[in-house]
2 protein chains.
Amino acid sequence: MAERGARLGADVDLPGIMANRRALVDAALERWLPVQGERPPQVHEAMRYSVFAGGKRLRPLLVLLACEAVGGEPADALPAAAALELIHTYSLIHDDLPAMDDDDFRRGRPTCHKVYGEAMAILAGDGLLTEAFRVLADPGAGRVPPARRLQIIAEIAEAAGSLGMVGGQATDILSEGRAIDRETLLDLHARKTGALIRVSIRAGGIAGGADAASLAALTRYGEAVGLAFQIVDDILDIEGATEEMGKTAGSDARKHKATYPALFGLEPSRQDAARLLSEAKAALRPLGEKASPLAALADFVGNRRH
Amino acid sequence: MAERGARLGADVDLPGIMANRRALVDAALERWLPVQGERPPQVHEAMRYSVFAGGKRLRPLLVLLACEAVGGEPADALPAAAALELIHTYSLIHDDLPAMDDDDFRRGRPTCHKVYGEAMAILAGDGLLTEAFRVLADPGAGRVPPARRLQIIAEIAEAAGSLGMVGGQATDILSEGRAIDRETLLDLHARKTGALIRVSIRAGGIAGGADAASLAALTRYGEAVGLAFQIVDDILDIEGATEEMGKTAGSDARKHKATYPALFGLEPSRQDAARLLSEAKAALRPLGEKASPLAALADFVGNRRH
């Protein structure tokens, strides 16, 4: 992989950092989610079943590392980190529903509606989305000043809404089985997965008190990583083994979903992903050593097998 | 109806106030919702179809009148008023889905999923819920100080989430066809409809700068009106004509849904509603003449035919 970002991130113990930050995020989710015994127990069980389903916690990790890259403490960014994982999880629950992508497995386990039924799955998703905003506004969570917290809420809502992720999912469903052009595919990816990854980085930066130049650098990183992540996802769907992905490999092609390799070819897709990740690392250079973990994370996204 | 609240609200031109505030709310919704032409158009059409479907705008009206009852300007409470209508609308779209209550008509028109399909209806609901929080955090909307706006967001999210409205809807679905006791029914009503009505009143009060005593008075009003509203709704479902309700009368009984009159009898239910509305008006007395429209609204809730 071409390395315009030089050696930034080369000496980072990324697995150690990931395990540490993941524990922070899981503890926060455990603390902030309503407990299983609350009435009615079924909906709270369904919420926790999907939140604690072995997800990679990529979005929370981006939030925390972006906050640290501008000199903030992880604790300042924990509400945004937890909220973005809740929003990501709700979107998976709703995407998997029979009326949507109709998937029975996710991360190697039965999907939420297969275990709890469609009604509870719809409501669990609604509950998680709402809980995300409760956590973001919780007066007891974090010490970021109110005006900055409002900015984070507004940006996350815009990225997750019908002009962002929800709109991307709608375009994806409406495009099934149809030929779509380059512009539509890039727009779909930018919204469906890109918007939430981009705002994860921005929310972390804002929580950490980033100045305008640092926030712009983080945003360039987030946009490049977001598209690269989706391209790699599309490539893995073609090549990946079912057991590693935890969902049926080739399922996008079977549903005639628009993918990056289908439109541009497999090898050009690999090259585009590598170029984007290199650009992402280059964007971090003004932030210095504090951004090393984010640079290492870009490599991790490029090399992941599931 | 017993009148412990004396004549507060007797001289109010409620129809005029309702028409005026409704126009304010509709203009705000029109301004803040993404325009119909945004990609993909289907999901934005579905969102607008349900938002502009002839709803009573009861929750926004409660928000604005509560704000005015403590001396605030309607403009201060418009973001909360719009957000609560968006949340109410999303909840109706999801409740009507085949996997939930499976209703084909709402307010005399085909439900969202009958017109746009299940996938777009799920996504339109998700989009409206998310948009509600974007509006609440929008830096360009309103002039309420950030800390108070965060409090409003946290309270609305708690009321709308799995410990509030979403939990109430889950209990409602899980209770279908089963005998439930008095405690469960009151808990169900408090969450499914009561929580959003209560927080409408509180959000308006907070936006208007209510002190602790005024906010407590408004909260008592909101809790009493919320339960009375649901009791009247249950009574109307038994008695009401299909054309006036805009949905099939008797549908709750047909689905073996738990209702207040089914558990307590029709005449005791009428008496309880009247007593609650009288208590609601009494709670307003410390607020003086500024609360007259809220008092008149309590009578309106008691006398409504649909």
# chains A, B, ... in the order shown; residues from 1 in each chain; ligands from 1
>>> interface_residues(of="chain B", to="chain A", cutoff="7 Å", atoms="only C-alpha atoms", output="MDAnalysis selection string")
chainID B and resid 40 43 99:100 118:120 123 127 130:131 133:134 137:138 146:147 150:151 153:154 157:158 160:162 166:167 170:171
>>> residues_around(residues="B:Ala66", least_positions_apart="4", cutoff="8 Å", atoms="only C-alpha atoms", output="ChimeraX atom specification")
/B:62,70,201-202,204-205,208,218,291,294
>>> write_last_selection(atoms="C-alpha atoms", output="mmCIF file, in the first residue's frame")
data_model
loop_
_atom_site.group_PDB
_atom_site.id
_atom_site.type_symbol
_atom_site.label_atom_id
_atom_site.label_comp_id
_atom_site.auth_asym_id
_atom_site.auth_seq_id
_atom_site.Cartn_x
_atom_site.Cartn_y
_atom_site.Cartn_z
ATOM 1 C CA LEU B 62 -49.550 21.897 24.536
ATOM 2 C CA VAL B 70 -45.128 30.918 32.101
ATOM 3 C CA ILE B 201 -46.066 20.434 28.629
ATOM 4 C CA ARG B 202 -42.713 20.296 30.418
ATOM 5 C CA GLY B 204 -42.874 24.204 26.715
ATOM 6 C CA GLY B 205 -42.432 25.260 30.321
ATOM 7 C CA GLY B 208 -40.436 29.529 28.465
ATOM 8 C CA LEU B 218 -47.519 22.301 34.563
ATOM 9 C CA ALA B 291 -52.794 29.657 31.714
ATOM 10 C CA LEU B 294 -54.446 25.484 28.740
#
>>> select_by_dssp(residues="stretch 40-80 of chain B", states="alpha helix (DSSP H)", output="PyMOL selection string")
chain B and resi 41-51+58-69+74-80
>>> residues_around(residues="A:Tyr221", least_positions_apart="2", cutoff="9 Å", atoms="only C-alpha atoms", output="ChimeraX atom specification")
/A:198,201,216-219,223-226,276-277,279-284,294,298
>>> residues_around(residues="B:Asp96", least_positions_apart="6", cutoff="10 Å", atoms="only C-alpha atoms", output="list of chain:residue names")
B:Asp102, B:Asp103, B:Asp104, B:Phe105, B:Arg106, B:Thr111, B:Cys112, B:His113, B:Lys114, B:Ala121
>>> atom_distance(atom1="atom CA of B:Ser292", atom2="atom CA of B:Asp11")
8.2 Å
>>> closest_residue(among="B:Ala190, B:Leu287, B:Ala228, B:Ala77", to="B:Gln271", atoms="only C-alpha atoms")
B:Ala228
>>> residues_around(residues="stretch 17-21 of chain A", least_positions_apart="5", cutoff="8 Å", atoms="only C-alpha atoms", output="ChimeraX atom specification")
/A:61,64,293
>>> write_last_selection(atoms="N, CA and C atoms", output="CSV table (one decimal), in the first residue's frame")
chain,number,residue,atom,x,y,z
A,61,LEU,N,-14.6,3.8,18.4
A,61,LEU,CA,-13.2,3.9,18.4
A,61,LEU,C,-12.7,5.2,17.6
A,64,LEU,N,-13.4,8.2,19.9
A,64,LEU,CA,-12.4,8.4,21.0
A,64,LEU,C,-11.0,8.8,20.5
A,293,PRO,N,-2.6,6.8,16.5
A,293,PRO,CA,-3.5,5.6,16.5
A,293,PRO,C,-4.6,5.7,15.3
>>> atom_distance(atom1="atom CA of B:Ile87", atom2="atom CA of A:Ala141")
23.9 Å
>>> select_by_dssp(residues="stretch 45-190 of chain B", states="strand (DSSP E or B)", output="PyMOL selection string")
chain B and resi 105-106+109-110
>>> closest_residue(among="B:Gly55, B:Gly288, B:Gly37, B:Gly9", to="B:Arg22", atoms="only C-alpha atoms")
B:Gly55
>>> residues_around(residues="B:Phe264", least_positions_apart="6", cutoff="12 Å", atoms="only C-alpha atoms", output="ChimeraX atom specification")
/B:180-182,185-186,231,234-235,258,270-273
>>> write_last_selection(atoms="N, CA and C atoms", output="PDB file, in the first residue's frame")
ATOM      1  N   ILE B 180     -55.159  -8.000  31.483  1.00  0.00           N
ATOM      2  CA  ILE B 180     -54.148  -7.290  32.253  1.00  0.00           C
ATOM      3  C   ILE B 180     -54.802  -6.610  33.428  1.00  0.00           C
ATOM      4  N   ASP B 181     -54.011  -6.345  34.457  1.00  0.00           N
ATOM      5  CA  ASP B 181     -54.588  -5.765  35.664  1.00  0.00           C
ATOM      6  C   ASP B 181     -54.518  -4.231  35.608  1.00  0.00           C
ATOM      7  N   ARG B 182     -55.130  -3.623  36.611  1.00  0.00           N
ATOM      8  CA  ARG B 182     -55.238  -2.181  36.701  1.00  0.00           C
ATOM      9  C   ARG B 182     -53.861  -1.500  36.646  1.00  0.00           C
ATOM     10  N   LEU B 185     -52.381  -1.631  33.139  1.00  0.00           N
ATOM     11  CA  LEU B 185     -53.065  -0.726  32.210  1.00  0.00           C
ATOM     12  C   LEU B 185     -52.653   0.727  32.452  1.00  0.00           C
ATOM     13  N   LEU B 186     -52.589   1.127  33.725  1.00  0.00           N
ATOM     14  CA  LEU B 186     -52.200   2.514  34.017  1.00  0.00           C
ATOM     15  C   LEU B 186     -50.758   2.769  33.594  1.00  0.00           C
ATOM     16  N   ILE B 231     -58.137   7.949  28.246  1.00  0.00           N
ATOM     17  CA  ILE B 231     -59.435   7.385  28.635  1.00  0.00           C
ATOM     18  C   ILE B 231     -60.504   7.783  27.620  1.00  0.00           C
ATOM     19  N   ASP B 234     -60.128   5.797  24.505  1.00  0.00           N
ATOM     20  CA  ASP B 234     -60.679   4.446  24.662  1.00  0.00           C
ATOM     21  C   ASP B 234     -62.211   4.466  24.583  1.00  0.00           C
ATOM     22  N   ILE B 235     -62.829   5.481  25.212  1.00  0.00           N
ATOM     23  CA  ILE B 235     -64.297   5.595  25.172  1.00  0.00           C
ATOM     24  C   ILE B 235     -64.757   5.823  23.732  1.00  0.00           C
ATOM     25  N   ALA B 258     -56.247  -4.044  25.614  1.00  0.00           N
ATOM     26  CA  ALA B 258     -56.656  -3.580  26.927  1.00  0.00           C
ATOM     27  C   ALA B 258     -57.116  -2.128  26.818  1.00  0.00           C
ATOM     28  N   ARG B 270     -65.935   7.565  32.249  1.00  0.00           N
ATOM     29  CA  ARG B 270     -66.341   8.957  31.986  1.00  0.00           C
ATOM     30  C   ARG B 270     -66.107   9.825  33.213  1.00  0.00           C
ATOM     31  N   GLN B 271     -66.468   9.278  34.365  1.00  0.00           N
ATOM     32  CA  GLN B 271     -66.300  10.049  35.606  1.00  0.00           C
ATOM     33  C   GLN B 271     -64.818  10.290  35.912  1.00  0.00           C
ATOM     34  N   ASP B 272     -63.997   9.268  35.688  1.00  0.00           N
ATOM     35  CA  ASP B 272     -62.561   9.440  35.938  1.00  0.00           C
ATOM     36  C   ASP B 272     -61.964  10.511  35.019  1.00  0.00           C
ATOM     37  N   ALA B 273     -62.372  10.492  33.737  1.00  0.00           N
ATOM     38  CA  ALA B 273     -61.860  11.494  32.793  1.00  0.00           C
ATOM     39  C   ALA B 273     -62.253  12.896  33.241  1.00  0.00           C
TER      40      ALA B 273
END
>>> atom_distance(atom1="atom CA of B:Pro261", atom2="atom CA of B:Val63")
28.6 Å
>>> closest_residue(among="B:Lys257, B:Arg107, B:Arg191, B:Lys56", to="B:Arg178", atoms="only C-alpha atoms")
B:Lys257
